[in-house]
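Worksheet: one structure, shown below.
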Amino acid sequence: MVNTVATAPGDSATIAAEAPTDNQKLLDFVTEIAQLTTPDRIHWVDGSEQEYTQLTDELVEAGTLTRLTSPDFPNSFAAFSDPADVARVESRTFICSEQERDAGFTNNWVDPSEMRQTLSGVFDGAMRGRTMYVIPFVMGHLEAEDPKFGVEITDSAYVVASMRIMARIGADVLRKIEELDAFFVPAVHSVGAPLEPGQEDVPWPCNEEKYIVHFPETREIWSYGSGYGGNALLGKKCYALRIASAMARDEGWLAEHMVILKLTSPQGRSYHLSAAFPSACGKTNLALIDPTLEGWKAETLGDDITWIRPGKDGEFRAINPEAGYFGVAPGTGWHTNANAMRAIAKGNSIFTNCALTDDGGVWWEGMTEEPPAHLTDWKGNSWTPDSAEPAAHPNARFCTPIDQTDMLADEYFAPDGVKLDAILFGGRRKTTVPLVTQARDWNHGIFYGATLSSETTAAAEGAVGTLRRDPMAMLPFIGYDAGDYLKHWVEVSSEADPEKLPAIFLVNWFRRGRDGTIAWPGFAENTRVLKWIIERLEGTAEAVETPIGFTPTPDALDVEGLEITQEELEDAITVRPEEWRTELEDIDAWFSRFGESLPQSIQDELEELRSRVA
Ligand code: GTP
Ligand code: MN
Ligand code: MN
């Protein structure tokens, strides 16, 4: 294969001679990892179409990918993971800061020197019998003022193919790293399944033992044992959230688990909103919303990660550092998310843990209202609608280039992004949290983020449906102490013009009505909430001040033509102080976990809430 060093790479001279670069930092990194992991070959990823074709051909040959033959999924593939490697592994994710205190209570911490010793043990010979791929990548724009580079070394071709969809990778990035002699985040990944001579490979190599490790001070990532997205595509959660959050703290910006959406009103005025919801709580759906109200237009910039920087004019500017979607497949359908479906239908996608249709396509729960009569489920078993188990894994994913989105905003391509007008925090709450509430000010908005909570989903290992606090939807992704993170949110506003700070809102699409079902129709009908939010920005929408903030008056929310009973609407939007009195106890317990590092101004917000609901 082009760019593949055929001989077993051992010494630095051989590696340097065969490498497409003379950047010494990069050569040193690659040599060090090659000597540690002893792969059979080194392949420098150039990101070309031809390379992608070759890699995916090999992955089909190896049984990792199934080529889809249905014309509905052109140039697309299905992958099926090991049944034990289907989600992020938070219990095996570590923030190894020099001081334990700097990892904070939300992270697993191990002393960095101890962890380095462990890692040099598990990575020793880990790539034996495999190809080591070197992927130069940039998160955000290559033309950004301060481009954020990384180099992922991996022994998984599935990771290379997926990274090509999710990030800007390859030869152009390498040239830029050389030109600027830039810093890059060294990111090492191995599936942890070395092959002995003659040993046959399995379709999805991985290891029961997993380590997803971050060294925030040295900005390093080491991932071992998993091939799954969030654990293995290191540009995404590991870099663009965990490491980037630590960079952002040091450099005065924010790395957040948010969508970016551009909305244009019937009067032709445009606004940009970000929204932070925990995993599997509706970000991708919101990012790709099809407005249900006449005259409103939505365009997307991103569905998962947002980097926010104070701009030159005191405004906050937002960019999406990624280049693709790694979206939850189940629940994504023509009737719930047609924009995602249209992007997927253009092809060039990799589907993981979806079901196969008999005509060579993929299917998942919710893609169509009626399931096909027969499928092969994600575990490879024959499946019919009578089968007890779902056909696709609940955390099955589609991986699709973002530039296939019809509604992609032009500003997605702007290196300095867009001015942010509003930030939404939301979670999955059966009770207590009403449909939409506006914070009184920035600090109160941070309190919304600090106390954000949600019932857990299938996006991470562990029980589904238990309530957990998830500050700014970043609980699994804050790369340092959670209290310091809140403090950074408080302080970053000092960089901005107070008049230009985004307005902050709390939303909940999932509250139950008295009949036990979700009261608000949600999905595209969330347009109505977005409309109220925009009208609040414009100062035209009515609101009532409640103990928890401003909520729409019954008439202010446009529900014309919406199928919702008066009772359901009430259940969706009403603030019930008795529910908040219970909530306060839980927030007290939550805040007590921060110890000394909780900012006083956030504690003050809690006391204010307490007196308001008393
Ligand atoms: P990650 O990509 O893991 O960070 O998650 P995400 O926040 O992008 O989640 P996504 O948009 O994929 O939503 C996942 C789940 O939320 C699916 O089961 C959807 O059906 C459900 N969902 C999204 N929006 C709504 C809504 O407005 N109402 C209701 N009831 N469910 C929704
Ligand atoms: Mn996410
Ligand atoms: Mn998503």
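FYI, nothing fancy with the structure tokens labels: chains A, B, ... in order, residues from 1 per chain, ligands from 1 as they appear.
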
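Residues in contact with ligand 2 (atom pairs separated by at most 7 Å; only C-alpha atoms and all ligand atoms) are His257, Pro278, Ser279 and Asp304 of chain A.
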
How would the residues just picked look written out with N, CA and C atoms as a PDB file, in the first residue's frame?
```
ATOM      1  N   HIS A 257     -19.804  20.346  25.179  1.00  0.00           N
ATOM      2  CA  HIS A 257     -20.581  19.258  24.560  1.00  0.00           C
ATOM      3  C   HIS A 257     -21.903  19.839  24.043  1.00  0.00           C
ATOM      4  N   PRO A 278     -26.836  16.059  27.669  1.00  0.00           N
ATOM      5  CA  PRO A 278     -26.020  14.855  27.844  1.00  0.00           C
ATOM      6  C   PRO A 278     -26.172  13.897  26.652  1.00  0.00           C
ATOM      7  N   SER A 279     -25.295  12.915  26.571  1.00  0.00           N
ATOM      8  CA  SER A 279     -25.313  11.953  25.477  1.00  0.00           C
ATOM      9  C   SER A 279     -26.695  11.311  25.333  1.00  0.00           C
ATOM     10  N   ASP A 304     -22.423  18.088  18.149  1.00  0.00           N
ATOM     11  CA  ASP A 304     -21.919  17.419  19.354  1.00  0.00           C
ATOM     12  C   ASP A 304     -20.923  18.255  20.156  1.00  0.00           C
TER      13      ASP A 304
END
```

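Here the strand (DSSP E or B) residues in segment 387-421 of chain A, by DSSP on the backbone, are Arg397, Phe398, Cys399, Thr400, Pro401, Leu408, Val418 and Lys419 of chain A.
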
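Taking atom CA of Glu567 of chain A and atom CA of Thr527 of chain A as endpoints, the distance between them is 20.3 Å.
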
Check your understanding: How would you write, as an MDAnalysis selection string, the set of residues no farther than 7 Å from ligand 1 when counting only C-alpha atoms and all ligand atoms?
Key -> chainID A and resid 277:286 303:304 326:332 459 509:510 518 521:523 526

**Study point:** Selected residue, from A:Lys236, A:His335, A:Arg440, A:Lys531, that lies nearest to ligand 3 when counting only C-alpha atoms and all ligand atoms
**Key:** A:Lys236

Exercise for review: Just list the residues in segment 262-498 of chain A DSSP gives alpha helix (DSSP H) on the backbone, as a PyMOL selection string.
Suggested key: chain A and resi 283-287+338-345+442-450+482-492

Next, dump the selected residues to file, keeping only C-alpha atoms, as a compact mmCIF listing (two decimals), in the first residue's frame.
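Written output follows (again.txt):
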```
# COMPACT_ATOMS: atom_id res chain seq x y z
CA LYS A 283 -28.37 17.18 20.42
CA THR A 284 -28.18 15.64 16.97
CA ASN A 285 -31.95 15.91 16.65
CA LEU A 286 -31.92 19.58 17.58
CA ALA A 287 -28.92 20.33 15.37
CA ALA A 338 -35.27 13.84 7.89
CA ASN A 339 -32.17 16.04 7.61
CA ALA A 340 -30.00 13.34 9.15
CA MET A 341 -31.62 10.76 6.90
CA ARG A 342 -30.95 12.87 3.80
CA ALA A 343 -27.29 13.27 4.77
CA ILE A 344 -27.02 9.53 5.40
CA ALA A 345 -28.71 8.73 2.08
CA TRP A 442 -25.16 34.81 33.04
CA ASN A 443 -24.33 33.64 36.56
CA HIS A 444 -27.82 32.20 37.03
CA GLY A 445 -27.37 30.47 33.67
CA ILE A 446 -24.16 28.88 34.90
CA PHE A 447 -26.19 27.60 37.86
CA TYR A 448 -28.52 25.89 35.34
CA GLY A 449 -25.47 24.29 33.77
CA ALA A 450 -23.87 23.41 37.10
CA ALA A 482 -15.29 20.26 38.09
CA GLY A 483 -15.36 23.21 40.49
CA ASP A 484 -12.49 24.86 38.64
CA TYR A 485 -14.45 24.24 35.45
CA LEU A 486 -17.47 26.13 36.83
CA LYS A 487 -15.15 28.88 38.01
CA HIS A 488 -13.72 29.11 34.51
CA TRP A 489 -17.25 29.56 33.14
CA VAL A 490 -17.79 32.39 35.62
CA GLU A 491 -14.49 34.02 34.77
CA VAL A 492 -14.54 33.64 31.00
```

Please identify every residue of segment 335-427 of chain A that has at least one atom no farther than 12 Å from an atom of segment 139-161 of chain A, counting only C-alpha atoms, and for each give the shortest atom pair and the distance in Å to one decimal, arranged by chain then increasing number, as a Markdown table.
```
| residue | atom | partner | partner_atom | distance |
| --- | --- | --- | --- | --- |
| A:Asn348 | CA | A:Ala161 | CA | 10.4 |
| A:Ser349 | CA | A:Ala161 | CA | 9.7 |
| A:Ile350 | CA | A:Ala161 | CA | 8.4 |
| A:Phe351 | CA | A:Tyr158 | CA | 11.2 |
| A:Thr352 | CA | A:Tyr158 | CA | 10.4 |
| A:Cys399 | CA | A:Ala161 | CA | 10.0 |
| A:Thr400 | CA | A:Ala161 | CA | 11.1 |
| A:Pro401 | CA | A:Ala161 | CA | 11.6 |
| A:Glu411 | CA | A:His141 | CA | 11.9 |
| A:Tyr412 | CA | A:His141 | CA | 9.7 |
| A:Phe413 | CA | A:His141 | CA | 7.9 |
| A:Ala414 | CA | A:His141 | CA | 8.1 |
| A:Pro415 | CA | A:Ala144 | CA | 5.0 |
| A:Asp416 | CA | A:Ala144 | CA | 6.8 |
| A:Gly417 | CA | A:His141 | CA | 9.7 |
```

Dump of C-alpha atoms for the selected residues, as an mmCIF file, in the first residue's frame:
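The resulting again_39.cif:
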```cif
data_model
loop_
_atom_site.group_PDB
_atom_site.id
_atom_site.type_symbol
_atom_site.label_atom_id
_atom_site.label_comp_id
_atom_site.auth_asym_id
_atom_site.auth_seq_id
_atom_site.Cartn_x
_atom_site.Cartn_y
_atom_site.Cartn_z
ATOM 1 C CA ASN A 348 -19.993 7.615 2.404
ATOM 2 C CA SER A 349 -21.033 6.440 5.858
ATOM 3 C CA ILE A 350 -20.001 3.807 8.362
ATOM 4 C CA PHE A 351 -22.750 2.309 10.503
ATOM 5 C CA THR A 352 -21.802 0.565 13.727
ATOM 6 C CA CYS A 399 -20.822 8.094 11.009
ATOM 7 C CA THR A 400 -21.463 10.519 8.157
ATOM 8 C CA PRO A 401 -19.608 13.522 6.704
ATOM 9 C CA GLU A 411 -20.642 29.658 8.453
ATOM 10 C CA TYR A 412 -19.644 26.094 9.290
ATOM 11 C CA PHE A 413 -16.697 26.752 6.970
ATOM 12 C CA ALA A 414 -15.734 30.054 8.636
ATOM 13 C CA PRO A 415 -12.542 29.579 10.679
ATOM 14 C CA ASP A 416 -13.657 32.084 13.305
ATOM 15 C CA GLY A 417 -17.201 30.729 13.531
#
```

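Taking only C-alpha atoms and all ligand atoms into account, ligand 3 lies nearest to A:Gly324 out of the set A:Gly561, A:Gly324, A:Pro194, A:Gly347.
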
Practice item. Measuring atom to atom with only C-alpha atoms, identify which of A:Ala62, A:Leu254, A:Val191, A:Ala276 is nearest to Asp470 of chain A. Key: A:Ala276
